[in-house]
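Enquirer: Contents are PDB, C-alpha atoms; file name coords-v6.pdb:
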ATOM      1  CA  MET A   7     106.432  76.469  98.670
ATOM      2  CA  GLU A   8     107.773  79.479 100.587
ATOM      3  CA  GLU A   9     105.214  81.790  98.933
ATOM      4  CA  THR A  10     102.383  79.481 100.065
ATOM      5  CA  MET A  11     103.772  79.572 103.608
ATOM      6  CA  THR A  12     103.883  83.375 103.518
ATOM      7  CA  ASN A  13     100.312  83.558 102.185
ATOM      8  CA  ASN A  14      99.148  81.149 104.894
ATOM      9  CA  LYS A  15     100.797  83.317 107.557
ATOM     10  CA  LYS A  16      99.082  86.406 106.127
ATOM     11  CA  ILE A  17      95.696  84.675 106.186
ATOM     12  CA  ILE A  18      96.225  83.459 109.752
ATOM     13  CA  ARG A  19      97.318  86.955 110.834
ATOM     14  CA  LEU A  20      94.265  88.469 109.126
ATOM     15  CA  ILE A  21      91.905  86.032 110.850
ATOM     16  CA  LEU A  22      93.526  86.548 114.256
ATOM     17  CA  LEU A  23      93.521  90.330 113.986
ATOM     18  CA  ILE A  24      89.849  90.380 112.982
ATOM     19  CA  ALA A  25      88.966  87.827 115.657
ATOM     20  CA  LEU A  26      90.663  89.771 118.459
ATOM     21  CA  PRO A  27      88.312  92.778 118.618
ATOM     22  CA  ILE A  28      85.325  90.523 117.956
ATOM     23  CA  CYS A  29      86.350  88.345 120.911
ATOM     24  CA  VAL A  30      86.784  91.453 123.075
ATOM     25  CA  GLY A  31      83.253  92.476 122.127
ATOM     26  CA  LEU A  32      81.821  89.011 122.706
ATOM     27  CA  ALA A  33      83.509  88.744 126.105
ATOM     28  CA  SER A  34      82.187  92.160 127.055
ATOM     29  CA  ALA A  35      78.676  91.256 125.923
ATOM     30  CA  ALA A  36      78.811  87.926 127.781
ATOM     31  CA  ILE A  37      79.834  89.607 131.017
ATOM     32  CA  THR A  38      77.506  92.601 130.781
ATOM     33  CA  GLY A  39      74.584  90.901 129.025
ATOM     34  CA  ASP A  40      72.050  90.992 131.860
ATOM     35  CA  PHE A  41      73.153  94.460 132.865
ATOM     36  CA  MET A  42      72.720  95.775 129.313
ATOM     37  CA  MET A  43      68.993  95.221 129.703
ATOM     38  CA  LYS A  44      68.976  98.187 132.097
ATOM     39  CA  TYR A  45      69.981 100.465 129.211
ATOM     40  CA  GLY A  46      66.384 100.478 127.959
ATOM     41  CA  GLU A  47      65.194 101.512 131.427
ATOM     42  CA  LEU A  48      67.433 104.582 131.531
ATOM     43  CA  THR A  49      66.320 108.059 130.582
ATOM     44  CA  LEU A  50      68.016 108.341 127.195
ATOM     45  CA  PRO A  51      68.919 111.372 125.101
ATOM     46  CA  LYS A  52      66.939 112.358 122.040
ATOM     47  CA  PHE A  53      69.263 110.750 119.477
ATOM     48  CA  ALA A  54      69.796 107.449 121.302
ATOM     49  CA  PRO A  55      69.366 104.521 118.926
ATOM     50  CA  PRO A  56      67.312 101.486 119.931
ATOM     51  CA  SER A  57      69.203  98.721 121.735
ATOM     52  CA  TRP A  58      69.211  96.382 118.716
ATOM     53  CA  VAL A  59      71.452  98.830 116.779
ATOM     54  CA  PHE A  60      74.425  98.394 119.122
ATOM     55  CA  PRO A  61      75.354  94.757 118.412
ATOM     56  CA  ILE A  62      75.123  95.378 114.663
ATOM     57  CA  ALA A  63      77.166  98.584 114.812
ATOM     58  CA  TRP A  64      79.798  97.082 117.110
ATOM     59  CA  THR A  65      80.168  93.946 114.979
ATOM     60  CA  ILE A  66      80.811  96.081 111.907
ATOM     61  CA  LEU A  67      83.202  98.315 113.845
ATOM     62  CA  TYR A  68      85.123  95.358 115.282
ATOM     63  CA  ILE A  69      85.549  93.886 111.801
ATOM     64  CA  LEU A  70      86.759  97.253 110.464
ATOM     65  CA  MET A  71      89.123  97.602 113.435
ATOM     66  CA  GLY A  72      90.493  94.113 112.816
ATOM     67  CA  LEU A  73      91.038  94.868 109.139
ATOM     68  CA  GLY A  74      92.651  98.183 110.024
ATOM     69  CA  SER A  75      95.000  96.530 112.489
ATOM     70  CA  TYR A  76      95.899  93.929 109.843
ATOM     71  CA  PHE A  77      96.788  96.582 107.260
ATOM     72  CA  LEU A  78      98.709  98.565 109.855
ATOM     73  CA  TRP A  79     100.588  95.454 111.034
ATOM     74  CA  SER A  80     101.355  94.503 107.413
ATOM     75  CA  ALA A  81     102.521  97.982 106.417
ATOM     76  CA  GLN A  82     106.178  98.286 105.457
ATOM     77  CA  PRO A  83     107.399 101.575 106.937
ATOM     78  CA  GLU A  84     110.189 103.253 105.003
ATOM     79  CA  THR A  85     111.429 105.880 107.465
ATOM     80  CA  ASP A  86     112.342 105.912 111.136
ATOM     81  CA  GLN A  87     109.336 108.159 111.773
ATOM     82  CA  GLN A  88     107.024 105.641 110.085
ATOM     83  CA  ILE A  89     108.542 102.778 112.081
ATOM     84  CA  SER A  90     107.986 104.746 115.286
ATOM     85  CA  SER A  91     104.445 105.690 114.252
ATOM     86  CA  LYS A  92     103.596 102.081 113.429
ATOM     87  CA  ARG A  93     104.838 100.845 116.810
ATOM     88  CA  ALA A  94     102.984 103.610 118.629
ATOM     89  CA  ALA A  95      99.758 103.037 116.671
ATOM     90  CA  LEU A  96      99.800  99.282 117.322
ATOM     91  CA  THR A  97     100.554  99.792 121.007
ATOM     92  CA  ILE A  98      97.742 102.305 121.339
ATOM     93  CA  TYR A  99      95.416  99.996 119.408
ATOM     94  CA  PHE A 100      95.882  97.131 121.862
ATOM     95  CA  VAL A 101      95.657  99.391 124.936
ATOM     96  CA  GLN A 102      92.475 101.062 123.722
ATOM     97  CA  LEU A 103      90.934  97.624 123.098
ATOM     98  CA  ALA A 104      91.401  96.921 126.804
ATOM     99  CA  PHE A 105      89.879 100.327 127.598
ATOM    100  CA  ASN A 106      86.957  99.509 125.301
ATOM    101  CA  PHE A 107      86.334  96.267 127.188
ATOM    102  CA  ALA A 108      86.587  97.938 130.599
ATOM    103  CA  TRP A 109      84.241 100.778 129.630
ATOM    104  CA  SER A 110      81.353  98.309 129.269
ATOM    105  CA  LEU A 111      82.010  96.969 132.754
ATOM    106  CA  PHE A 112      82.069 100.451 134.277
ATOM    107  CA  PHE A 113      79.000 101.666 132.395
ATOM    108  CA  PHE A 114      76.718  98.638 132.486
ATOM    109  CA  ILE A 115      77.724  96.762 135.627
ATOM    110  CA  GLY A 116      79.126  99.573 137.745
ATOM    111  CA  GLU A 117      76.584 102.145 136.546
ATOM    112  CA  VAL A 118      79.226 104.799 137.188
ATOM    113  CA  TYR A 119      78.225 107.029 134.293
ATOM    114  CA  VAL A 120      80.460 110.028 135.011
ATOM    115  CA  PHE A 121      83.513 107.811 135.541
ATOM    116  CA  SER A 122      82.572 105.881 132.370
ATOM    117  CA  PHE A 123      82.442 109.160 130.455
ATOM    118  CA  ILE A 124      85.900 110.182 131.697
ATOM    119  CA  TRP A 125      87.193 106.700 130.799
ATOM    120  CA  LEU A 126      85.623 107.015 127.348
ATOM    121  CA  ILE A 127      87.234 110.413 126.784
ATOM    122  CA  ILE A 128      90.643 108.917 127.615
ATOM    123  CA  MET A 129      89.895 106.073 125.189
ATOM    124  CA  TRP A 130      88.696 108.596 122.579
ATOM    125  CA  LEU A 131      91.982 110.514 122.895
ATOM    126  CA  MET A 132      93.862 107.245 122.424
ATOM    127  CA  ILE A 133      91.843 106.499 119.294
ATOM    128  CA  ILE A 134      92.633 109.954 117.899
ATOM    129  CA  ALA A 135      96.336 109.394 118.604
ATOM    130  CA  MET A 136      96.118 105.947 116.999
ATOM    131  CA  VAL A 137      94.448 107.364 113.875
ATOM    132  CA  VAL A 138      97.034 110.150 113.605
ATOM    133  CA  LYS A 139      99.964 107.733 114.046
ATOM    134  CA  THR A 140      98.393 105.273 111.601
ATOM    135  CA  SER A 141      97.987 108.031 109.002
ATOM    136  CA  HIS A 142     101.789 108.301 108.822
ATOM    137  CA  VAL A 143     102.048 104.620 107.917
ATOM    138  CA  CYS A 144      98.953 103.278 106.132
ATOM    139  CA  LYS A 145      96.090 105.301 104.659
ATOM    140  CA  LYS A 146      93.926 102.188 104.219
ATOM    141  CA  ALA A 147      94.194 101.354 107.929
ATOM    142  CA  THR A 148      93.482 104.974 108.823
ATOM    143  CA  ALA A 149      90.255 104.922 106.786
ATOM    144  CA  LEU A 150      89.181 101.706 108.525
ATOM    145  CA  PHE A 151      89.754 103.203 112.011
ATOM    146  CA  VAL A 152      87.823 106.446 111.351
ATOM    147  CA  PRO A 153      84.317 104.912 111.717
ATOM    148  CA  TYR A 154      85.354 103.648 115.158
ATOM    149  CA  LEU A 155      86.477 107.142 116.119
ATOM    150  CA  LEU A 156      83.183 108.598 114.898
ATOM    151  CA  TRP A 157      81.121 105.977 116.742
ATOM    152  CA  CYS A 158      83.065 106.570 119.957
ATOM    153  CA  THR A 159      82.390 110.296 119.549
ATOM    154  CA  PHE A 160      78.680 109.486 119.372
ATOM    155  CA  ALA A 161      79.064 107.081 122.313
ATOM    156  CA  ALA A 162      80.615 109.903 124.345
ATOM    157  CA  TYR A 163      77.533 112.021 123.631
ATOM    158  CA  LEU A 164      75.268 109.154 124.721
ATOM    159  CA  ASN A 165      77.367 108.486 127.830
ATOM    160  CA  VAL A 166      77.448 112.114 129.000
ATOM    161  CA  MET A 167      73.720 112.489 128.389
ATOM    162  CA  VAL A 168      72.974 109.308 130.353
ATOM    163  CA  ALA A 169      75.140 110.711 133.174
ATOM    164  CA  ILE A 170      73.185 113.987 133.105
ATOM    165  CA  LEU A 171      69.711 112.466 132.712
ATOM    166  CA  ASN A 172      70.093 109.683 135.233
TER     167      ASN A 172
END
Starting from the file, lay out its structure as structure tokens.

Expert:
Amino acid sequence: MEETMTNNKKIIRLILLIALPICVGLASAAITGDFMMKYGELTLPKFAPPSWVFPIAWTILYILMGLGSYFLWSAQPETDQQISSKRAALTIYFVQLAFNFAWSLFFFIGEVYVFSFIWLIIMWLMIIAMVVKTSHVCKKATALFVPYLLWCTFAAYLNVMVAILN
């Protein structure tokens, strides 16, 4: 009976941790939806993907982030350094999710492209720190966070180019 309870808790935790970044993304999209239409009207850099790529990419990334946070949360650190790294990584994870949400508001609604780029660089640094801290605790979680880091690197390129071209 106790094992079933533990498995149920794990499943609930998994669902909640995957749902969290997806909900952040859905809330962001709901708020910025009409403003996102302006993206296609901007002068875009050479390697800018079409608008339809973003919801697909972000959905995949949010699922990977949720899985990564689940594996990180579930990791059993063995040393004080690992315990500290796990706490730091989880804290950074939740803070950068808020930064991720706010970036969309600044970029799409505020149209403050330079500020959005600076904000994104701060978020990018947080993601790097999160990946490094996670690597001390859970390699599986680290691997799941890396695509997000890479996409945010590409997003920084897009953001700075939009700032320059517009």

Enquirer: Here is a test: counting only C-alpha atoms, which residue of A:Phe77, A:Ala161, A:Thr38, A:Val30 is nearest to Glu117 of chain A?

Expert: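 When distances to Glu117 of chain A are compared using only C-alpha atoms, the smallest one comes from A:Thr38.
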
Enquirer: Let me know the residues the PyMOL selection byres ((chain A and resi 37) around 12) catches in the file above, as number ranges by chain.

Expert: A: 30-36, 38-42, 107-108, 110-112, 114-115

Enquirer: Between A:Pro55, A:Tyr45, A:Pro61, A:Leu78, which is the closest to Leu23 of chain A once you count only C-alpha atoms?

Expert: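 Between A:Pro55, A:Tyr45, A:Pro61, A:Leu78, the residue approaching Leu23 of chain A most closely is A:Leu78.
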
Enquirer: Check the smallest atom-to-atom distance from each of A:Trp130, A:Tyr119, A:Tyr68, A:Trp58 to Ile98 of chain A using all atoms listed in the file, then report the winner.

Expert: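 Counting all atoms listed in the file, the residue closest to Ile98 of chain A is A:Trp130.
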
Enquirer: Every residue with an atom at most 6 Å from (77.9, 111.5, 132.9) (file coordinates; all atoms listed in the file) is what I'm after, so could you write them as a list in words?

Expert: Tyr119, Val120, Phe123, Asn165, Val166, Val168, Ala169 and Ile170 of chain A

Enquirer: Take the residues from that selection and put them in a file with C-alpha atoms, as an mmCIF file, in the frame of the given file.

Expert:
data_model
loop_
_atom_site.group_PDB
_atom_site.id
_atom_site.type_symbol
_atom_site.label_atom_id
_atom_site.label_comp_id
_atom_site.auth_asym_id
_atom_site.auth_seq_id
_atom_site.Cartn_x
_atom_site.Cartn_y
_atom_site.Cartn_z
ATOM 1 C CA TYR A 119 78.225 107.029 134.293
ATOM 2 C CA VAL A 120 80.460 110.028 135.011
ATOM 3 C CA PHE A 123 82.442 109.160 130.455
ATOM 4 C CA ASN A 165 77.367 108.486 127.830
ATOM 5 C CA VAL A 166 77.448 112.114 129.000
ATOM 6 C CA VAL A 168 72.974 109.308 130.353
ATOM 7 C CA ALA A 169 75.140 110.711 133.174
ATOM 8 C CA ILE A 170 73.185 113.987 133.105
#

Enquirer: Which one of A:Thr159, A:Thr148, A:Gln88, A:Ser75 sits closest to Ile127 of chain A if you count all atoms listed in the file?

Expert: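 Selected residue with least distance to Ile127 of chain A: A:Thr159.
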
Enquirer: Residues within 12 Å of Glu84 of chain A, please, as a list in words. Count all atoms listed in the file; anything in the same chain fewer than 5 positions from it doesn't count.

Expert: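 In the requested form, the answer reads Ile89, Ser90, Ser91, Lys92, His142, Val143 and Cys144 of chain A.
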
Enquirer: Write to file, as a PDB file, in the coordinates of the input, the residues of the selection just made, with C-alpha atoms.

Expert:
ATOM      1  CA  ILE A  89     108.542 102.778 112.081  1.00  0.00           C
ATOM      2  CA  SER A  90     107.986 104.746 115.286  1.00  0.00           C
ATOM      3  CA  SER A  91     104.445 105.690 114.252  1.00  0.00           C
ATOM      4  CA  LYS A  92     103.596 102.081 113.429  1.00  0.00           C
ATOM      5  CA  HIS A 142     101.789 108.301 108.822  1.00  0.00           C
ATOM      6  CA  VAL A 143     102.048 104.620 107.917  1.00  0.00           C
ATOM      7  CA  CYS A 144      98.953 103.278 106.132  1.00  0.00           C
TER       8      CYS A 144
END
